[in-house]
Amino acid sequence: MKKYDAIIIGAGHNGITNAAYLAKAGLNVLVVEKNDYIGGAAVSRELEEGFTYSNCSYVCSLMRQVIHRDLNLTKHGLMIIPYPGSMTYSEEGEIFYNYNHSEVAYNSIRKISPHDADGLMRMNADLTRYATVIRKTLLRTPPDPTSFKPKDIMELLFLAKEFWSMGEREIYEYVRFFTMGAAEFLDEYLENDLIKAYYAVSGIIGTALGVYSPGSAYILLHHVMGDVDGSVGAWGLSRGGMGSISKALASAATEFGAEIRTNAPVQKILVKNRKAVGVVLENGDEIMSDIVVSNLDAKRTFTNIMDKDDLPEGIYEKASKFKFKGSSGKVNIALSGIPKFKGAVDNPFVNRSSAYLVGSMEVMEKGYDCWKRGRWSDDPMVETVLPSPWDPTMTRPGEHWMSCFVQYCPAELADGPWTPEKRDAFGATVIDKIERHAPGFKDLIVHAEIRTPHEIENEVGLTEGNIFQGELTIDQLLFNRPFPGYAQYRMPVKNMYMCGSSTHPGGGVSSACGANAAREILKDLRKTNTVPEDDCYDD
Amino acid sequence: MTTNQLRYPDEELRHSPFHERMVALSARDSWSAWNGYKLANNFYDGEYEYFCIRNMCGTYDVSPMQKYEITGSDAERMLDRLVTRDITKLREDRVTYVVWCTDDGRVIDDGTIFKTGPQKYMLTCGSPCIAWFRKACFGYKDVDVKDVSDTIAGLAFQGPTSYSVLKAMGLDGVETLKPFGIMNFPFKETELMVSRTGFTGDLGYELWIDAEHALDLWDALYAAGEDYGIQPFGEEALNMARMEAGFIMPYMEFAEALKTVHFEHDQTPAELGLDWLVDFKKPRFNGRAALLKEKETGPKYTLCKLDIEGNKPAEGAEIYSDKDCANQIGYVTSAMWSPVVKASIALAMIETKHKDGDLWAEVYYYKELRPYKKVAKCTLQNKPFYAPPHAKKTPPDPF
Amino acid sequence: MKKYDAIVIGAGHNGLTNAAYLAKAGLDVVVLEKNEYIGGAAVSRSLTEGFTYSNCSYVCSMMRQSLHRDLNLTKYGLRIVPYVGQMYFGNGKCKWGYWNPDVEYNNARSRNPHDADAMARFFTDLNRYAQVIRKTLLRTPPNPASMKPRDIMEILYLAKEFWKLGEKEIYEYIRFFTMSAVEFLDDYFDDDLLKASLASAGIIGTAVGVHSPGSAYILLHHVMGDVDGNVGAWGLARGGMGAISNALAGAATDFGAEIRTNAPVAEMIVKGGKAAGVILENGDEVHAKIVVSNLDAKRTFTKIVNKEDLPEDIYNRAKNFKFRGSSGKVNIALSGLPKFTGAPDNKFLNRAGVMFGCSLKSMEKAFDAWKRGKWADELYIEAVIPSPWDPTVAPPGQHWMSTFIQYCPANLADGPWTPEKRDAFGETVISNIERYCPNFRDLIVHKEVRTPHEIENEVGLTEGNIFQGELTIDQLLFNRPFPGYAQYRMPIKNMYMCGSSTHPGGGVSSACGANAAREILKDLGKTNVVPEDDCNDD
């Protein structure tokens, strides 16, 4: 029987990235995927004829450009197109449009609030400064602060240097920032409710925090940390849907010789003498390998496909307590035309931007309160994106599809488990909400796919439907991610690694986790590193 | 005259036949000049428009381009003598890319020649060259050069969905149009000439029509293109696309030989990587002897495509053969961060004998007003930075 | 009695430049000026109340920027304001051009696309020639007969500049030196008015016609200057051309030079074959180790140097030095801004030079009249009205106009110049201008008419030649003023020349004076303080 050098469990984008780099280094790699398609949460799916949805993740900003360049993903068909901006609509038809172009944005914001136009410039400078420091850690393996290995000490020094280069005053600000609520942070710069709501959205997306919860300011930063072509904080669309990213990565991996097997759900990681030696598929097939890399989240990895007995004490408990707190829903809607939002100007950029349907931070806070009580709000925050005016490959000309990301949607309902009826009711709430913002919207609907955390967990495999493979709170970040002492991608069982978003630097379609893990694996195998160490950005 | 008039009256730029529509779509009102016409730098943002070219489709006003109608039984001979390529091989309804040189073999300009009839050509180029063309006519009996720049409107229409829009506009048969081909279609009471040419490296066409019908053409095109993301783009976007495609630009890659004070500052076709445009099988053409001589030794410089590490556009960078930057061997002519390739790319003039060795760029950039420089490794690329396979397909992919 | 290190005769701009550099090097220098004012032909004079004329030279383009900078002339009040363009009138038409190439391109193209295209080539070619010559301006020309290493180096330097042109260009260059302005322009342009306007630069101040061989070079000489790197551009000195002299004098004085006006020199003292000082007309003697003459070659050697002190051939050469005065000047104070028929309603062009009589035919006719010792009925007039952009030279709302006339004979066929003839000449000029501005005469407040006769007598330029001697190839570079004496050292030991009769020739450039200072310092074994290269590294 064939023995592989490495098996990667899960063909999500991090798993494929990991496979690509291992294969590039000459390893004989197999990726096993439970679904009949690859991509995990970075997929493009045609569920209704003529409409291709990015039915999970839908925007791209964290994707590391250096990996794009290094793996030549353009050649493999990837094109990332930046959004010209994004906006917020209130139900009353108020609109705040934030153009990526700073001069245009200034003018547009000034019309609403001269105060905020000024405040925003300061805020963006501050956020960019914080982000610059954090961003440098993305493609680095986090150090173990308790270790005395030279490498760990070097890493700590590197981080400290980045940190200290900020100056004493900024460091206090930075520390404060990490523990702040998004609302508090925004209040320091802004006064207009709509504008604050717009920025606060970034503080809650995908996370079970309210805009007033401590730590939500960092989530906001996490979202502006990405960039497209040097425009920090800019978001982009992947041409052909998010599946194009997975496809391009898979094409690169395959070209390097990696093998990708779909419809191959793993039942168990085989451990012998405290060493990982392979996997058993659900159909009973055993596949042997020197190394096993799990791209599943920390909980699934250690509680679903590993035996508690194979693990050192404490890990199983830590894994089962890893914070997920699923809080997001997704509705994908096929449309026969472009919806017209109240207050929207006739501007070609408007249809090519993402829009938050939320009027104020209070509305979000109410939604959060509902979530805490195991319900969804009647008035949830919906982020809509209409990729089709900007991407001719996803629908027929003149037809469109809309991605709706909903915050908050509980993973567990107070009134018992999710049912198809409840799911549809959730969908109806979302569609009603959009209808209130864009009268006539319902008439355009051709098809809708409604995904609560329940659907996301079951199909994609993200526990509680948490899009980040675990909350991005400070206790689960950097050298704490996934667990203190295991942030270097090596797991307590020898020859076993993790490469998913449960590891540093966390969620988002960035490929960073997969690449970092590959670097550590190659180091253990004493192979020459093939993974870019630094990001292209030296700013 | 008002006293607060800030503009030279004679600087008042003319409006292209498409101007009215472009003004309506310009969010930024940012214009520069091209041959006395207003030319959009951008309409919203260079990169945004660049993605129209790469992703959907966009129009670029090429009306300010110089257009010359060359007719007569000696037109072919005159052109054949003028340019380095063999014009006798150019068939009707075909377009060819050409350069023309001084007697010393230095490039005066590049352009395209359209063979529109048995004894009829249209030559387009970026800068006026009428005085030179008239000189080129001396000695030929039946050839006439007419400047039709102001009477023919031109619209470059580029991007992956451009073909679908032309189909939606009702241009039946356009699916058979091959790269560098020409087709004519009845349009209103006039004729629309469509050539499958462009300056972006993507699928694309150029539409030519008499100036009076320019707005009709625009309206028809934009009506058909509504669902295909049609959008005008300006010079910034064009410059990005052409760099990725590896196309040269006057005043960036080459200095027009007739307008350079220092003769060593102009270029030969081989230096620009255009030796393939020089047909030495032709017994005579302007610059032949000088170019033949150059061929023996090879060009002193060669225009190279570079992939430069890091993300800082290497504009104005100098190229060295060593990391210590002791031995300068060339200079960057144009550079950018390529949003599609995700790489810092550049075109650079490099001493031919050094181009296959180690290449280092000293890159200069500013961060919040402070200048920085760094030394970055360069990798020589032999192919265009971006050359999508769909660009050359016939028939093109429909949407 | 006090003995100076150096005496400079004549406080023209070159004399002042020379004095400034000698004083800068630590020499004790005195400048002796015959008039009661300094500046020579670079003067600002108020001849009627409220108006200040640049009554001789009137535009500034050749002033070496490196000298301006080195002597810090800005500190001494000098400001050169560039022209915006020029208007030219001829054959009943008016056209105009701009120095801004983009504006000019649009402007030219709207008239004639062919000429607009050719214009770019014309200026490229002209610049190509000019940049080679320009490099020689602040260098002492070599003596081709000498074998001194320095001379050989210079010849090699020139050859290098020359050969850098490439073989084809060198042929062109040689051809160019012997060409007429019209021949040269015919290579490029169709339009007669345009050609005439450009050809005018080929005859200004020189007794050649637009068809005469060599006029192409004069044309080049005029575009050789630049203002702020804009090659060929002309500028106006704020406050008139006297501002240049005043600034130079300010710099010289600060370095310790002494300037004495009303001190006409009668004779140079030569002792033991060496220059030792001068005798003033009032009989005073001034002694110095060195004597530098800023007078033209003829006046220097035939008026203030004794024939006995000179080698024979020098005296003859000086006597025969070609002057052929051919220019007149009329300065007119005006009560309002004249409106010229056909001129565009464009206030930018108030800051332009104005050329009347731009017709190759009438220009050639005027040359023919000059040859016969007359002035023509139709003259070429180059005018400029500085007052709209220089508030210091006329009362608000009032203006003054400088008109420079080509050709006006130094010697009339019908006997010597008289005040009546001078006024008749002035009348011809006014009536010429009147053709372009019908009410011109009504605006006139005051006028000053200067024929070569007046210019010679007052300023001291022989035959009123504005260049201190013709700029023809036989009197240029190592032939200027005389073969073998182009290095500013004269046949009498310790005597030098520093005026426009030396290389690189006429024009308010300060280059002659600076070059001479460099050579003097070399002879004295002093460290050179004179900029060697021009700022332009093109």
# chains A, B, ... in the order shown; residues from 1 in each chain; ligands from 1
>>> interface_residues(of="chain B", to="chain C", cutoff="6 Å", atoms="only C-alpha atoms", output="ChimeraX atom specification")
/B:10-11,36,130-131,258-259,261
>>> write_last_selection(atoms="C-alpha atoms", output="PDB file, in the first residue's frame")
ATOM      1  CA  ASP B  10      -4.627  79.073 -26.787  1.00  0.00           C
ATOM      2  CA  GLU B  11      -4.324  76.311 -24.261  1.00  0.00           C
ATOM      3  CA  GLY B  36      -4.467  69.189 -28.171  1.00  0.00           C
ATOM      4  CA  ILE B 130       2.754  64.688 -40.794  1.00  0.00           C
ATOM      5  CA  ALA B 131       5.870  66.661 -41.671  1.00  0.00           C
ATOM      6  CA  LEU B 258      13.161  63.457 -34.249  1.00  0.00           C
ATOM      7  CA  LYS B 259      12.517  65.173 -30.982  1.00  0.00           C
ATOM      8  CA  VAL B 261      18.245  66.717 -28.308  1.00  0.00           C
TER       9      VAL B 261
END
>>> closest_atom_pairs(of="chain A", to="chain B", cutoff="10 Å", atoms="only C-alpha atoms", output="tab-separated table")
residue	atom	partner	partner_atom	distance
A:Arg64	CA	B:Lys342	CA	9.8
A:Gln65	CA	B:Lys342	CA	6.1
A:Val66	CA	B:Lys342	CA	7.5
A:Ile67	CA	B:Lys342	CA	9.1
A:His68	CA	B:Lys342	CA	6.6
A:Arg69	CA	B:Lys342	CA	5.3
A:Asp70	CA	B:Lys342	CA	9.1
A:Asn72	CA	B:Val341	CA	7.5
A:Leu73	CA	B:Val341	CA	7.9
A:Thr74	CA	B:Val341	CA	5.6
A:Lys75	CA	B:Val341	CA	8.2
A:Gly77	CA	B:Pro388	CA	9.0
A:Leu78	CA	B:Val340	CA	8.2
A:Met79	CA	B:Val340	CA	5.8
A:Ile80	CA	B:Val340	CA	6.9
A:Ile81	CA	B:Phe51	CA	6.6
A:Pro82	CA	B:Tyr48	CA	7.5
A:Tyr83	CA	B:Tyr48	CA	8.1
A:Pro84	CA	B:Tyr48	CA	6.7
A:Asn100	CA	B:Asp45	CA	9.4
A:His101	CA	B:Asp45	CA	7.3
A:Glu103	CA	B:Arg28	CA	9.7
A:Val104	CA	B:Arg28	CA	8.1
A:Val228	CA	B:Pro339	CA	8.0
A:Asp229	CA	B:Pro339	CA	5.8
A:Gly230	CA	B:Asn311	CA	8.1
A:Arg239	CA	B:Asn55	CA	7.8
A:Asn347	CA	B:Leu25	CA	9.4
A:Pro348	CA	B:Gln231	CA	8.7
A:Phe349	CA	B:Tyr44	CA	9.1
A:Arg352	CA	B:Gly229	CA	9.8
A:Ser388	CA	B:Gly229	CA	9.3
A:Pro389	CA	B:Gly229	CA	6.2
A:Trp390	CA	B:Gly229	CA	6.5
A:Asp391	CA	B:Asn55	CA	6.8
A:Pro392	CA	B:Met56	CA	6.6
A:Thr393	CA	B:Phe399	CA	7.1
A:Met394	CA	B:Phe399	CA	9.6
A:Thr395	CA	B:Phe399	CA	8.8
A:Arg396	CA	B:Phe399	CA	7.0
A:Pro397	CA	B:Asp227	CA	5.2
A:Gly398	CA	B:Asp227	CA	4.9
A:Glu399	CA	B:Asp227	CA	8.2
A:His400	CA	B:Asp227	CA	9.8
A:Asp534	CA	B:Gly310	CA	9.5
A:Asp535	CA	B:Gly310	CA	8.3
A:Cys536	CA	B:Gly310	CA	4.9
A:Tyr537	CA	B:Asn311	CA	6.1
A:Asp538	CA	B:Gly310	CA	7.6
A:Asp539	CA	B:Lys367	CA	7.6
>>> residues_around(residues="range 243-251 of chain B", least_positions_apart="3", cutoff="8 Å", atoms="only C-alpha atoms", output="list in words")
Asp109, Gly126, Phe199, Thr200, Gly201, Asn239, Met240, Phe254, Ala255, Glu256, Leu272, Lys305, Ser334, Ala335, Met336, Ser338, Ile345, Ala346, Leu347, Pro384, Phe385, Tyr386 and Ala387 of chain B
>>> residues_around(residues="Thr141 in chain A", least_positions_apart="2", cutoff="9 Å", atoms="only C-alpha atoms", output="list in words")
Thr137, Leu138, Leu139, Pro143, Glu155, Leu478, Phe479, Ala487, Gln488, Tyr489, His504, Pro505, Cys513, Asn516, Ala517, Arg519 and Glu520 of chain A
>>> write_last_selection(atoms="all heavy atoms", output="short mmCIF file (atom, residue, chain, number, x, y, z; two decimals), in the first residue's frame")
data_model
loop_
_atom_site.label_atom_id
_atom_site.label_comp_id
_atom_site.auth_asym_id
_atom_site.auth_seq_id
_atom_site.Cartn_x
_atom_site.Cartn_y
_atom_site.Cartn_z
N THR A 137 3.01 40.04 11.80
CA THR A 137 3.07 38.74 12.47
C THR A 137 2.29 37.68 11.70
O THR A 137 2.36 36.51 12.04
CB THR A 137 2.47 38.83 13.89
OG1 THR A 137 1.05 38.98 13.77
CG2 THR A 137 3.02 40.01 14.66
N LEU A 138 1.56 38.07 10.69
CA LEU A 138 0.65 37.12 10.06
C LEU A 138 1.39 35.94 9.46
O LEU A 138 0.98 34.80 9.58
CB LEU A 138 -0.18 37.80 8.96
CG LEU A 138 -1.19 38.85 9.38
CD1 LEU A 138 -2.01 39.28 8.20
CD2 LEU A 138 -2.09 38.36 10.49
N LEU A 139 2.48 36.22 8.76
CA LEU A 139 3.19 35.13 8.11
C LEU A 139 4.38 34.67 8.95
O LEU A 139 5.39 34.26 8.44
CB LEU A 139 3.64 35.52 6.70
CG LEU A 139 2.59 35.28 5.61
CD1 LEU A 139 3.14 35.52 4.25
CD2 LEU A 139 2.02 33.86 5.68
N PRO A 143 5.59 32.89 18.74
CA PRO A 143 6.54 32.28 19.66
C PRO A 143 5.83 31.70 20.87
O PRO A 143 4.69 32.05 21.16
CB PRO A 143 7.41 33.46 20.08
CG PRO A 143 6.48 34.64 20.00
CD PRO A 143 5.52 34.35 18.89
N GLU A 155 11.69 35.37 18.06
CA GLU A 155 10.37 35.81 17.63
C GLU A 155 9.79 36.83 18.60
O GLU A 155 9.20 37.81 18.20
CB GLU A 155 9.42 34.63 17.50
CG GLU A 155 9.42 33.96 16.15
CD GLU A 155 9.05 34.91 15.04
OE1 GLU A 155 8.05 35.67 15.17
OE2 GLU A 155 9.77 34.91 14.03
N LEU A 478 -2.76 34.76 18.74
CA LEU A 478 -1.30 34.68 18.78
C LEU A 478 -0.82 33.41 19.48
O LEU A 478 -1.25 32.33 19.08
CB LEU A 478 -0.72 35.92 19.47
CG LEU A 478 -0.36 37.10 18.54
CD1 LEU A 478 -0.02 38.32 19.35
CD2 LEU A 478 0.79 36.73 17.62
N PHE A 479 0.01 33.51 20.52
CA PHE A 479 0.55 32.28 21.12
C PHE A 479 -0.48 31.52 21.94
O PHE A 479 -0.19 30.50 22.51
CB PHE A 479 1.84 32.54 21.92
CG PHE A 479 1.85 33.85 22.63
CD1 PHE A 479 1.06 34.03 23.76
CD2 PHE A 479 2.64 34.89 22.17
CE1 PHE A 479 1.07 35.23 24.42
CE2 PHE A 479 2.66 36.10 22.84
CZ PHE A 479 1.86 36.28 23.97
N ALA A 487 1.02 26.78 19.79
CA ALA A 487 0.74 27.77 18.74
C ALA A 487 1.71 27.65 17.57
O ALA A 487 1.64 28.40 16.62
CB ALA A 487 0.80 29.18 19.32
N GLN A 488 2.64 26.68 17.67
CA GLN A 488 3.62 26.55 16.58
C GLN A 488 3.23 25.45 15.60
O GLN A 488 4.06 24.85 14.94
CB GLN A 488 5.02 26.30 17.13
CG GLN A 488 5.57 27.50 17.89
CD GLN A 488 5.03 27.57 19.30
OE1 GLN A 488 4.74 26.55 19.92
NE2 GLN A 488 4.84 28.78 19.80
N TYR A 489 1.95 25.18 15.54
CA TYR A 489 1.36 24.26 14.55
C TYR A 489 1.66 22.79 14.86
O TYR A 489 1.05 21.90 14.30
CB TYR A 489 1.78 24.62 13.11
CG TYR A 489 1.50 26.08 12.83
CD1 TYR A 489 2.48 27.04 12.99
CD2 TYR A 489 0.23 26.49 12.47
CE1 TYR A 489 2.21 28.38 12.79
CE2 TYR A 489 -0.06 27.83 12.26
CZ TYR A 489 0.95 28.78 12.43
OH TYR A 489 0.68 30.10 12.24
N HIS A 504 -2.80 30.33 14.57
CA HIS A 504 -2.38 31.70 14.27
C HIS A 504 -2.26 31.87 12.76
O HIS A 504 -1.76 31.02 12.09
CB HIS A 504 -1.03 31.98 14.94
CG HIS A 504 -0.42 33.28 14.50
ND1 HIS A 504 -0.83 34.49 15.01
CD2 HIS A 504 0.55 33.56 13.58
CE1 HIS A 504 -0.13 35.46 14.44
NE2 HIS A 504 0.72 34.92 13.57
N PRO A 505 -2.63 32.94 12.12
CA PRO A 505 -3.20 34.16 12.73
C PRO A 505 -4.72 34.16 12.80
O PRO A 505 -5.30 35.22 13.08
CB PRO A 505 -2.71 35.25 11.79
CG PRO A 505 -2.58 34.59 10.47
CD PRO A 505 -2.28 33.14 10.72
N CYS A 513 -2.38 30.55 7.69
CA CYS A 513 -2.25 29.42 8.62
C CYS A 513 -1.62 28.23 7.90
O CYS A 513 -0.67 27.61 8.39
CB CYS A 513 -3.61 29.00 9.17
SG CYS A 513 -4.54 30.34 9.92
N ASN A 516 2.08 28.94 7.12
CA ASN A 516 2.93 28.91 8.32
C ASN A 516 3.15 27.47 8.78
O ASN A 516 4.26 27.08 9.15
CB ASN A 516 2.27 29.69 9.46
CG ASN A 516 2.37 31.19 9.25
OD1 ASN A 516 3.09 31.66 8.37
ND2 ASN A 516 1.63 31.94 10.04
N ALA A 517 2.06 26.68 8.77
CA ALA A 517 2.17 25.29 9.21
C ALA A 517 3.15 24.54 8.31
O ALA A 517 3.98 23.77 8.78
CB ALA A 517 0.80 24.63 9.20
N ARG A 519 5.66 25.69 6.77
CA ARG A 519 7.02 26.09 7.09
C ARG A 519 7.56 25.33 8.29
O ARG A 519 8.69 24.85 8.29
CB ARG A 519 7.07 27.60 7.34
CG ARG A 519 8.51 28.13 7.36
CD ARG A 519 8.62 29.59 7.78
NE ARG A 519 7.76 30.47 7.02
CZ ARG A 519 6.67 31.05 7.52
NH1 ARG A 519 6.32 30.84 8.78
NH2 ARG A 519 5.93 31.84 6.77
N GLU A 520 6.69 25.19 9.31
CA GLU A 520 7.13 24.47 10.51
C GLU A 520 7.36 23.00 10.21
O GLU A 520 8.30 22.39 10.72
CB GLU A 520 6.09 24.63 11.63
CG GLU A 520 5.96 26.06 12.15
CD GLU A 520 7.25 26.63 12.72
OE1 GLU A 520 7.93 25.91 13.48
OE2 GLU A 520 7.59 27.79 12.39
#
>>> select_by_dssp(residues="range 150-290 of chain B", states="strand (DSSP E)", output="PyMOL selection string")
chain B and resi 152-158+182-187+190-195+204-210+230-232
>>> residues_around(residues="Leu310 in chain C", least_positions_apart="6", cutoff="12 Å", atoms="only C-alpha atoms", output="ChimeraX atom specification")
/C:268,270,273-275,300-302,304,316-318,490-493,495
>>> residues_around(residues="Gly10 in chain A", least_positions_apart="4", cutoff="8 Å", atoms="only C-alpha atoms", output="PDB file with N, CA and C atoms, in the first residue's frame")
ATOM      1  N   GLY A  15      -5.840  24.146   3.991  1.00  0.00           N
ATOM      2  CA  GLY A  15      -5.349  22.789   3.752  1.00  0.00           C
ATOM      3  C   GLY A  15      -4.660  22.687   2.403  1.00  0.00           C
ATOM      4  N   VAL A  31      -4.432  15.217  -0.009  1.00  0.00           N
ATOM      5  CA  VAL A  31      -5.454  15.972   0.714  1.00  0.00           C
ATOM      6  C   VAL A  31      -6.737  15.157   0.671  1.00  0.00           C
ATOM      7  N   VAL A  32      -7.332  14.936   1.830  1.00  0.00           N
ATOM      8  CA  VAL A  32      -8.608  14.206   1.826  1.00  0.00           C
ATOM      9  C   VAL A  32      -9.725  15.150   2.235  1.00  0.00           C
ATOM     10  N   GLU A  33     -10.811  15.107   1.480  1.00  0.00           N
ATOM     11  CA  GLU A  33     -11.910  16.058   1.690  1.00  0.00           C
ATOM     12  C   GLU A  33     -13.207  15.279   1.801  1.00  0.00           C
ATOM     13  N   LYS A  34     -13.995  15.634   2.813  1.00  0.00           N
ATOM     14  CA  LYS A  34     -15.239  14.872   3.015  1.00  0.00           C
ATOM     15  C   LYS A  34     -16.283  15.180   1.951  1.00  0.00           C
ATOM     16  N   GLY A  40     -13.831  23.946   1.140  1.00  0.00           N
ATOM     17  CA  GLY A  40     -14.318  24.244   2.494  1.00  0.00           C
ATOM     18  C   GLY A  40     -15.260  25.426   2.453  1.00  0.00           C
ATOM     19  N   SER A 294      -4.042  18.428  10.211  1.00  0.00           N
ATOM     20  CA  SER A 294      -5.483  18.640  10.244  1.00  0.00           C
ATOM     21  C   SER A 294      -5.801  20.087   9.933  1.00  0.00           C
ATOM     22  N   ASN A 295      -6.682  20.247   8.956  1.00  0.00           N
ATOM     23  CA  ASN A 295      -7.166  21.579   8.622  1.00  0.00           C
ATOM     24  C   ASN A 295      -8.522  21.819   9.281  1.00  0.00           C
ATOM     25  N   LEU A 296      -8.969  20.855  10.071  1.00  0.00           N
ATOM     26  CA  LEU A 296     -10.255  21.045  10.758  1.00  0.00           C
ATOM     27  C   LEU A 296     -10.045  21.980  11.937  1.00  0.00           C
TER      28      LEU A 296
END
>>> select_by_dssp(residues="range 34-156 of chain B", states="helix (DSSP H, G or I)", output="MDAnalysis selection string")
chainID B and resid 46:55 75:82 87:89 130:137
>>> residues_around(residues="Asp524 in chain A", least_positions_apart="3", cutoff="12 Å", atoms="only C-alpha atoms", output="ChimeraX atom specification")
/A:290-291,488-490,494-497,517-521,527-529
>>> write_last_selection(atoms="N, CA, C and O atoms", output="tab-separated table (two decimals), in the first residue's frame")
chain	number	residue	atom	x	y	z
A	290	ASP	N	3.69	9.70	6.90
A	290	ASP	CA	4.64	10.08	7.94
A	290	ASP	C	4.08	11.19	8.81
A	290	ASP	O	4.43	11.33	9.97
A	291	ILE	N	3.24	11.98	8.19
A	291	ILE	CA	2.77	13.18	8.86
A	291	ILE	C	1.28	13.32	8.61
A	291	ILE	O	0.80	13.01	7.52
A	488	GLN	N	2.64	26.68	17.67
A	488	GLN	CA	3.62	26.55	16.58
A	488	GLN	C	3.23	25.45	15.60
A	488	GLN	O	4.06	24.85	14.94
A	489	TYR	N	1.95	25.18	15.54
A	489	TYR	CA	1.36	24.26	14.55
A	489	TYR	C	1.66	22.79	14.86
A	489	TYR	O	1.05	21.90	14.30
A	490	ARG	N	2.62	22.53	15.76
A	490	ARG	CA	2.90	21.14	16.17
A	490	ARG	C	1.92	20.76	17.26
A	490	ARG	O	1.71	21.52	18.20
A	494	LYS	N	3.06	13.35	18.20
A	494	LYS	CA	4.18	13.58	17.31
A	494	LYS	C	3.75	13.37	15.85
A	494	LYS	O	2.87	12.57	15.55
A	495	ASN	N	4.37	14.11	14.96
A	495	ASN	CA	4.08	14.04	13.52
A	495	ASN	C	2.67	14.50	13.17
A	495	ASN	O	2.18	14.25	12.08
A	496	MET	N	2.03	15.13	14.13
A	496	MET	CA	0.71	15.67	13.80
A	496	MET	C	0.75	17.19	13.93
A	496	MET	O	1.35	17.74	14.85
A	497	TYR	N	0.09	17.82	12.95
A	497	TYR	CA	0.11	19.28	12.88
A	497	TYR	C	-1.30	19.79	12.65
A	497	TYR	O	-2.17	19.05	12.22
A	517	ALA	N	2.06	26.68	8.77
A	517	ALA	CA	2.17	25.29	9.21
A	517	ALA	C	3.15	24.54	8.31
A	517	ALA	O	3.98	23.77	8.78
A	518	ALA	N	3.07	24.78	7.02
A	518	ALA	CA	3.97	24.10	6.08
A	518	ALA	C	5.41	24.44	6.42
A	518	ALA	O	6.30	23.58	6.39
A	519	ARG	N	5.66	25.69	6.77
A	519	ARG	CA	7.02	26.09	7.09
A	519	ARG	C	7.56	25.33	8.29
A	519	ARG	O	8.69	24.85	8.29
A	520	GLU	N	6.69	25.19	9.31
A	520	GLU	CA	7.13	24.47	10.51
A	520	GLU	C	7.36	23.00	10.21
A	520	GLU	O	8.30	22.39	10.72
A	521	ILE	N	6.48	22.42	9.40
A	521	ILE	CA	6.63	20.99	9.05
A	521	ILE	C	7.95	20.78	8.32
A	521	ILE	O	8.74	19.88	8.64
A	527	LYS	N	13.86	20.07	5.70
A	527	LYS	CA	13.82	20.41	4.27
A	527	LYS	C	14.07	21.91	4.13
A	527	LYS	O	13.81	22.69	5.04
A	528	THR	N	14.52	22.30	2.95
A	528	THR	CA	14.68	23.73	2.69
A	528	THR	C	13.31	24.40	2.70
A	528	THR	O	12.35	23.86	2.14
A	529	ASN	N	13.24	25.53	3.33
A	529	ASN	CA	11.96	26.23	3.40
A	529	ASN	C	11.55	26.74	2.02
A	529	ASN	O	12.33	27.36	1.31
>>> atom_distance(atom1="CA of Val445 in chain C", atom2="CA of Ile433 in chain C")
15.4 Å
>>> atom_distance(atom1="CA of Asn411 in chain C", atom2="CA of His453 in chain C")
8.3 Å
>>> atom_distance(atom1="CA of Gly203 in chain A", atom2="CA of Ala217 in chain A")
5.8 Å
